[in-house]
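Report on one structure; see the data block that follows.
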Number of protein chains: 2
Amino acid sequence: MEIGSASGDKAGFFIQGRRRLNALPVKFKAKVAEMARNIKKVGQDDPRRVIHSLKVGAALALVSMLYYYQPLYCNFGVTAMWAIMTVVVVFEFSVGATLGKGLNRGMATLLASALAVGAHHLANLSGRRVEPILLGSFVFLQATISTFLRFFPNIKARYDYGLLVFILTFSLISVSGFRDDEILELAYKRVSTIMIGGCACVVISIVVCPVWAGEDLHNLIALDIEKLGNFLEEAYSEKVTFTGFGGEYFKSTGEAETKDDKKYLEGYKSVLDSKTSEESLANFAAWEPGHGRFQFRHPWKQYLKVATLARECACRIESLNGYLNADIQVSSEVRSRTQEACTNMSIESGKALKELSLAIKKMVQPSSADSHIENAKSAAKNLKSLLKSGLWEDIDVLKVIPGITVASILDEVVKFTENIAESVHELASKAQFESVEPTVSPEKLHSGQPQNSKSTQMVNRFHFVVNVRESTMAATPRENSSAPKANKHNMEV
Amino acid sequence: MEIGSASGDKAGFFIQGRRRLNALPVKFKAKVAEMARNIKKVGQDDPRRVIHSLKVGAALALVSMLYYYQPLYCNFGVTAMWAIMTVVVVFEFSVGATLGKGLNRGMATLLASALAVGAHHLANLSGRRVEPILLGSFVFLQATISTFLRFFPNIKARYDYGLLVFILTFSLISVSGFRDDEILELAYKRVSTIMIGGCACVVISIVVCPVWAGEDLHNLIALDIEKLGNFLEEAYSEKVTFTGFGGEYFKSTGEAETKDDKKYLEGYKSVLDSKTSEESLANFAAWEPGHGRFQFRHPWKQYLKVATLARECACRIESLNGYLNADIQVSSEVRSRTQEACTNMSIESGKALKELSLAIKKMVQPSSADSHIENAKSAAKNLKSLLKSGLWEDIDVLKVIPGITVASILDEVVKFTENIAESVHELASKAQFESVEPTVSPEKLHSGQPQNSKSTQMVNRFHFVVNVRESTMAATPRENSSAPKANKHNMEV
């Protein structure tokens, strides 16, 4: 629009315009290439997404064909489209979400249909004049109450969709200006077509490559704890080396690698924001029947407790990361004096967390983590006694502070690791995880001091025990859930 | 079922049964009372929920009546129920969510109808045999692609519901076994009834007591920062007094009060988990037109940046809280030496955060926080020089550690406060917040040292300036959004 400001030089304007025009296909190509990369990434991040999309397409094509062919259409008429609608709305990524929505929709439709037929009948009795007023106030009342109920956190978590369908069905059926017999037919048709659609969804989602929300939650919590362990076991030792050798470490390895490393180490950051997705997974999981290694009333709530502790621990690790990343001058004396104990605290609690994660993944008692926790605790004790043996006279206090802070936060992290271990133990007993050879534990209790060689031996032995046991179990959860062997195992547990 | 295990004593059994039966009404009463309390709480927590429920009820009753009366019913027939359906599904709590869903539904229906009519026509041309195969594969293809697209985070955030409606409409219209002219009519009816329902929702949600997601986001971020400030300004001084006077402080005030206090102080915990709700509010806000003090392209994304920093700061405060709550023996010498500086750091950054929160709430430039940040920084400097002036020879190091750690974390908190201030400044310039009298700032820049009386004077003066300005603005956001005065103000900004 700013013609006035365009000062002469028409030729230049056209050249610029042409250049832009020529650049368009290049830009377009770049956009398409980026889109292709994006598509590939979304698919590769979780290949089950592709399968889910195909499942939805197939379910919809199937139900559509039922609708398209005449015999069925004659039976249900236009109401048959509710079957299609149900498939589109109910088919969710995980079995739990699909089942939850399907049951919500089915139950709500049944209940609302019954009530609406009653309301319609009542209104009909009251005469032609009062009828619309009565019907209107019924609709108003039920919509107001149901909408208000949707604000209750407990109800919202499990029955939100049911209330929505309740409002919908009640309004639809109660106000449809039909005669009584027609309305009964309408209610019957709505209920039955929704059942057809819902059953198609549930059956396809369970039979074809099922995605279990419970299993996802289980794996997510194990991964969360593993990420914390990764940071503690590897970041700390690396960063200490880094500050120790004054940047030598990172210089020797390539730039790209260190970036990848950093991303890997900062995996714990995702733990900080995982609350919502974990809660919804736990809600979905509660709808799921027993599957694979999980029974019907698996203690899903306990996973959320573990996750809360993991998040609090991640908060401390976030603080720790701030100190490790900062280029703070720590006096070499303090560093050399505290390095061993701090490294041990970090590595041992990291190992403990990883063992806990492994125990969750394999669903065995997490007793293998106990020795690492003991080691971490005794390392913390060592650190304290080291610090106590005062040699602090001629030290620049400012250079001591970061070191002491890191040590202090690490002490907190060790405590949180213990808390996490406790709650994983609780989970193991509630979910009746398989126990490992009891002969290992008495030895473990004696190993108060961090005797690395000994504990490594023990861990190796433990791994052997687990591996032997495992041969009776399928290796990965996904294989597990369909294998008959796994079901047998499930019955044993 | 366990009849075998019930060993004799029938009379006892009956008495027990009767007792339980007698207890039933009592239990029922307790349940009802609890439910009533719950209902009251949900309503009191946010009275707009009650209004929203009434709005939904009214909208639905209105549209139902349109459906019920014959003239309209004759025009649209059974498809008129889509209007009811649209109201139930589209009417959300905030205007942004309603508008977003409504636009998604409208656009998706238009697009899918057009495509479906085309697909149906194409399939019709191909002859009776190939037609169902072609139609089925169309449905399969579009459902698969659309479902896959819903996994893209950007698309999911804004167009998830649109894709759902697209799948639904395309399937419904393309497979409906009608002749071509009938299908055009079906498409037309679906589009127009959905428009009726959608418009009813949008109009009612904007005209009757509107709930703006943007305003909610704005207030939520301000509240988040205020909560952090509350903790820093009050918890720290209290806790230090607490440890200082050995529990005297809490003994003098009542038990109940301290519990309430604690809840009040731990308000920051909610900041840690607010990411998801803030992101969805920002998404909804992007759909909203200009309202009250907010223009159409208000920088909602910047609020998320502020929130991220606030969350990271809350993480540090969580660590801090752990130390303040622990009954750690800090040597009295260290405490007395660091207390003043630490208290200043905490209180000044708390005040700075509260000023930032106030500036966001009132939408003025947050320059009043700068002096507090300067004070906090110089307190941190003081602390460092205090610690440097070594008097550490005969101190039990273990008793020094918690004090030093707290000081060190406080130092981090001060840095984060500065970061938050920076990003609030960015927000203020992006959203063109009103600037306060520039004469205040030069004075402020000179106050490097924490001279409390001076800075309080300045704050008072600043408040005066703000208050004078404010008299041209409505006091609370809600009053603001409907007052014509506020709109005038909005145009000025």
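FYI, nothing fancy with the structure tokens labels: chains A, B, ... in order, residues from 1 per chain, ligands from 1 as they appear.
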For the contact check between chain A and chain B, emit one row per residue of chain A within 6 Å, containing the shortest atom pair and the distance in Å rounded to one decimal, counting only C-alpha atoms, chain then rising number order, as a tab-separated table.
residue	atom	partner	partner_atom	distance
A:Ser53	CA	B:Thr144	CA	4.6
A:Leu54	CA	B:Thr144	CA	5.3
A:Gly57	CA	B:Phe140	CA	4.3
A:Ala58	CA	B:Phe140	CA	5.8
A:Ala61	CA	B:Gly136	CA	5.2
A:Tyr68	CA	B:Gly177	CA	5.7
A:Gly136	CA	B:Ala61	CA	5.2
A:Val139	CA	B:Ala61	CA	5.7
A:Phe140	CA	B:Gly57	CA	4.3
A:Ala143	CA	B:Gly57	CA	4.7
A:Thr144	CA	B:Ser53	CA	4.6
A:Thr147	CA	B:Ser53	CA	5.2
A:Phe148	CA	B:Ser53	CA	5.4
A:Val175	CA	B:Tyr68	CA	5.7
A:Gly177	CA	B:Tyr68	CA	5.7
A:Cys315	CA	B:Cys315	CA	5.4
A:Lys388	CA	B:Val397	CA	5.7
A:Glu393	CA	B:Glu393	CA	5.3
A:Val397	CA	B:Lys388	CA	5.7
A:Thr405	CA	B:Thr405	CA	4.8
Output the selection as an mmCIF file, in the first residue's frame - N, CA and C atoms for each residue.
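Ended up saving to out.cif:
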data_model
loop_
_atom_site.group_PDB
_atom_site.id
_atom_site.type_symbol
_atom_site.label_atom_id
_atom_site.label_comp_id
_atom_site.auth_asym_id
_atom_site.auth_seq_id
_atom_site.Cartn_x
_atom_site.Cartn_y
_atom_site.Cartn_z
ATOM 1 N N SER A 53 -2.754 -44.945 13.094
ATOM 2 C CA SER A 53 -3.444 -44.237 12.009
ATOM 3 C C SER A 53 -4.074 -45.239 11.045
ATOM 4 N N LEU A 54 -3.317 -46.272 10.713
ATOM 5 C CA LEU A 54 -3.860 -47.293 9.804
ATOM 6 C C LEU A 54 -5.058 -47.992 10.436
ATOM 7 N N GLY A 57 -8.068 -45.774 10.162
ATOM 8 C CA GLY A 57 -8.546 -45.789 8.782
ATOM 9 C C GLY A 57 -9.318 -47.059 8.476
ATOM 10 N N ALA A 58 -8.765 -48.187 8.901
ATOM 11 C CA ALA A 58 -9.412 -49.470 8.615
ATOM 12 C C ALA A 58 -10.758 -49.577 9.331
ATOM 13 N N ALA A 61 -13.268 -47.358 7.575
ATOM 14 C CA ALA A 61 -13.674 -47.890 6.268
ATOM 15 C C ALA A 61 -14.647 -49.049 6.461
ATOM 16 N N TYR A 68 -22.874 -48.102 4.174
ATOM 17 C CA TYR A 68 -23.109 -47.875 2.754
ATOM 18 C C TYR A 68 -24.008 -48.949 2.163
ATOM 19 N N GLY A 136 -38.059 -27.815 27.770
ATOM 20 C CA GLY A 136 -36.970 -26.843 27.812
ATOM 21 C C GLY A 136 -36.320 -26.798 29.174
ATOM 22 N N VAL A 139 -34.159 -29.891 29.784
ATOM 23 C CA VAL A 139 -32.878 -29.785 29.075
ATOM 24 C C VAL A 139 -31.957 -28.813 29.797
ATOM 25 N N PHE A 140 -32.517 -27.673 30.183
ATOM 26 C CA PHE A 140 -31.722 -26.667 30.881
ATOM 27 C C PHE A 140 -31.139 -27.231 32.167
ATOM 28 N N ALA A 143 -28.485 -30.055 31.611
ATOM 29 C CA ALA A 143 -27.252 -29.525 31.024
ATOM 30 C C ALA A 143 -26.473 -28.727 32.062
ATOM 31 N N THR A 144 -27.203 -27.936 32.868
ATOM 32 C CA THR A 144 -26.522 -27.132 33.882
ATOM 33 C C THR A 144 -25.838 -28.023 34.909
ATOM 34 N N THR A 147 -22.921 -30.051 33.353
ATOM 35 C CA THR A 147 -21.766 -29.207 33.061
ATOM 36 C C THR A 147 -21.024 -28.849 34.333
ATOM 37 N N PHE A 148 -21.795 -28.575 35.396
ATOM 38 C CA PHE A 148 -21.151 -28.245 36.663
ATOM 39 C C PHE A 148 -20.381 -29.442 37.199
ATOM 40 N N VAL A 175 -36.106 -33.812 23.133
ATOM 41 C CA VAL A 175 -36.796 -32.767 22.375
ATOM 42 C C VAL A 175 -37.234 -33.194 20.988
ATOM 43 N N GLY A 177 -39.316 -34.058 18.273
ATOM 44 C CA GLY A 177 -40.778 -33.904 18.313
ATOM 45 C C GLY A 177 -41.544 -35.096 17.773
ATOM 46 N N CYS A 315 14.219 -31.929 40.443
ATOM 47 C CA CYS A 315 14.344 -30.526 40.822
ATOM 48 C C CYS A 315 15.728 -30.274 41.425
ATOM 49 N N LYS A 388 34.974 -32.486 58.230
ATOM 50 C CA LYS A 388 35.122 -32.201 59.661
ATOM 51 C C LYS A 388 36.588 -32.059 60.041
ATOM 52 N N GLU A 393 42.050 -23.390 57.368
ATOM 53 C CA GLU A 393 42.555 -22.091 57.802
ATOM 54 C C GLU A 393 42.823 -21.139 56.635
ATOM 55 N N VAL A 397 37.422 -18.618 51.147
ATOM 56 C CA VAL A 397 36.099 -19.208 51.405
ATOM 57 C C VAL A 397 35.216 -19.173 50.154
ATOM 58 N N THR A 405 28.362 -26.411 48.269
ATOM 59 C CA THR A 405 26.955 -26.432 47.844
ATOM 60 C C THR A 405 26.656 -27.683 47.037
#
- Query: So which residues touch Leu427 of chain A within 12 Å, counting only C-alpha atoms, skipping near sequence neighbours fewer than 4 positions away, as an MDAnalysis selection string?
  - Reply: chainID A and resid 218 221 298:307 356 359:360 363:366 420:423 431:434
Write a file of the just-selected residues containing C-alpha atoms, as a short mmCIF file (atom, residue, chain, number, x, y, z; two decimals), in the first residue's frame.
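For reference, selection.cif as written:
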data_model
loop_
_atom_site.label_atom_id
_atom_site.label_comp_id
_atom_site.auth_asym_id
_atom_site.auth_seq_id
_atom_site.Cartn_x
_atom_site.Cartn_y
_atom_site.Cartn_z
CA HIS A 218 5.17 -48.52 33.55
CA ILE A 221 8.28 -44.25 35.10
CA HIS A 298 -2.39 -53.26 39.13
CA PRO A 299 -1.43 -50.47 41.57
CA TRP A 300 -1.25 -47.69 38.98
CA LYS A 301 -1.59 -44.99 41.65
CA GLN A 302 1.66 -46.12 43.22
CA TYR A 303 3.47 -45.32 39.96
CA LEU A 304 2.30 -41.74 40.37
CA LYS A 305 3.79 -41.65 43.87
CA VAL A 306 7.13 -42.86 42.52
CA ALA A 307 6.87 -40.26 39.76
CA LEU A 356 15.58 -49.37 40.45
CA ALA A 359 13.89 -53.64 38.54
CA ILE A 360 10.71 -51.84 37.48
CA MET A 363 9.26 -56.43 37.44
CA VAL A 364 11.56 -57.96 40.04
CA GLN A 365 12.15 -56.90 43.64
CA PRO A 366 14.47 -53.88 43.60
CA ILE A 420 12.48 -43.32 45.61
CA ALA A 421 13.87 -46.74 46.46
CA GLU A 422 11.42 -47.00 49.34
CA SER A 423 8.45 -46.20 47.17
CA ALA A 431 2.26 -55.33 42.46
CA GLN A 432 3.82 -58.56 43.67
CA PHE A 433 6.99 -58.25 41.64
CA GLU A 434 9.00 -61.42 41.42
#
- Nearby residues (only C-alpha atoms) at most 7 Å from Ser346 of chain A, same-chain spacing under 4 positions excluded, as a ChimeraX atom specification: /A:232-233,236,342,350,410
Writing out the chosen residues with N, CA and C atoms as a tab-separated table (two decimals), in the first residue's frame:
chain	number	residue	atom	x	y	z
A	232	LEU	N	23.26	-38.63	37.03
A	232	LEU	CA	24.12	-38.73	38.21
A	232	LEU	C	25.35	-39.56	37.93
A	233	GLU	N	25.15	-40.66	37.22
A	233	GLU	CA	26.28	-41.56	37.04
A	233	GLU	C	27.30	-40.99	36.07
A	236	TYR	N	28.12	-36.26	36.42
A	236	TYR	CA	28.97	-35.80	37.49
A	236	TYR	C	30.41	-36.20	37.26
A	342	CYS	N	32.38	-37.09	46.60
A	342	CYS	CA	31.26	-36.58	45.81
A	342	CYS	C	30.99	-37.48	44.61
A	350	GLY	N	23.41	-42.78	41.31
A	350	GLY	CA	23.04	-43.00	39.92
A	350	GLY	C	22.84	-44.47	39.63
A	410	LEU	N	24.11	-32.81	46.60
A	410	LEU	CA	24.28	-34.25	46.35
A	410	LEU	C	23.78	-35.06	47.53
- Going by DSSP on the backbone, which bits of segment 92-306 of chain B are alpha helix (DSSP H)? Write them as a PyMOL selection string, please. chain B and resi 95-125+130-149+153-175+180-207+213-230+236-244+248-252+255-265+268-272+275-285+300-306
- Message: Measuring between only C-alpha atoms, which one of B:Phe231, B:Trp212, B:Phe14, B:Phe91 shows the shortest distance to Phe294 of chain B?
- Response: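 Of B:Phe231, B:Trp212, B:Phe14, B:Phe91, the one nearest Phe294 of chain B, counting only C-alpha atoms, is B:Trp212.
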- Query: atom CA of Asp224 of chain A and atom CA of Val271 of chain A, how far apart in Å?
  - Reply: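 Calculated distance between atom CA of Val271 of chain A and atom CA of Asp224 of chain A is 5.8 Å.
Among B:Ser113, B:Asn219, B:Ser192, B:Thr343, the residue with the shortest atom-to-atom distance to Ala83 of chain B, counting only C-alpha atoms, is B:Ser192.
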Please provide the set of residues having any atom within 12 Å of Leu99 of chain B, restricted to only C-alpha atoms, with same-chain residues fewer than 6 positions apart removed, written as a short mmCIF file (atom, residue, chain, number, x, y, z; two decimals) with C-alpha atoms, in the first residue's frame.
data_model
loop_
_atom_site.label_atom_id
_atom_site.label_comp_id
_atom_site.auth_asym_id
_atom_site.auth_seq_id
_atom_site.Cartn_x
_atom_site.Cartn_y
_atom_site.Cartn_z
CA VAL B 87 -23.58 -26.65 21.16
CA VAL B 89 -19.40 -30.21 21.93
CA VAL B 90 -18.22 -26.68 21.16
CA PHE B 91 -19.28 -24.74 24.26
CA GLU B 92 -16.14 -24.56 26.39
CA PHE B 93 -15.26 -22.66 29.52
CA ARG B 105 -15.59 -27.32 13.45
CA GLY B 106 -16.94 -24.83 10.92
CA MET B 107 -13.88 -24.80 8.68
CA ARG B 158 -4.45 -25.80 17.53
CA TYR B 161 -10.56 -30.93 16.92
CA GLY B 162 -10.73 -29.68 13.33
CA GLY B 198 -21.59 -22.66 16.58
CA CYS B 199 -22.80 -19.07 16.34
CA ALA B 200 -25.13 -19.57 19.30
CA CYS B 201 -22.19 -20.82 21.38
CA VAL B 202 -19.81 -18.08 20.36
CA VAL B 203 -22.33 -15.28 20.84
CA ILE B 204 -23.47 -16.50 24.25
CA SER B 205 -19.93 -17.16 25.43
CA ILE B 206 -18.79 -13.66 24.41
CA PRO B 210 -17.22 -13.88 29.10
CA VAL B 211 -14.30 -15.91 30.46
CA TRP B 212 -11.20 -14.88 28.51
CA ALA B 213 -8.39 -17.42 28.39
CA ASN B 283 -3.30 -21.74 22.76
CA PHE B 284 -6.86 -20.69 23.55
CA ALA B 285 -5.83 -17.06 23.96
CA ALA B 286 -4.44 -17.05 20.43
CA TRP B 287 -8.01 -17.59 19.13
CA GLU B 288 -9.46 -14.68 21.06
CA PRO B 289 -10.17 -11.25 19.58
#
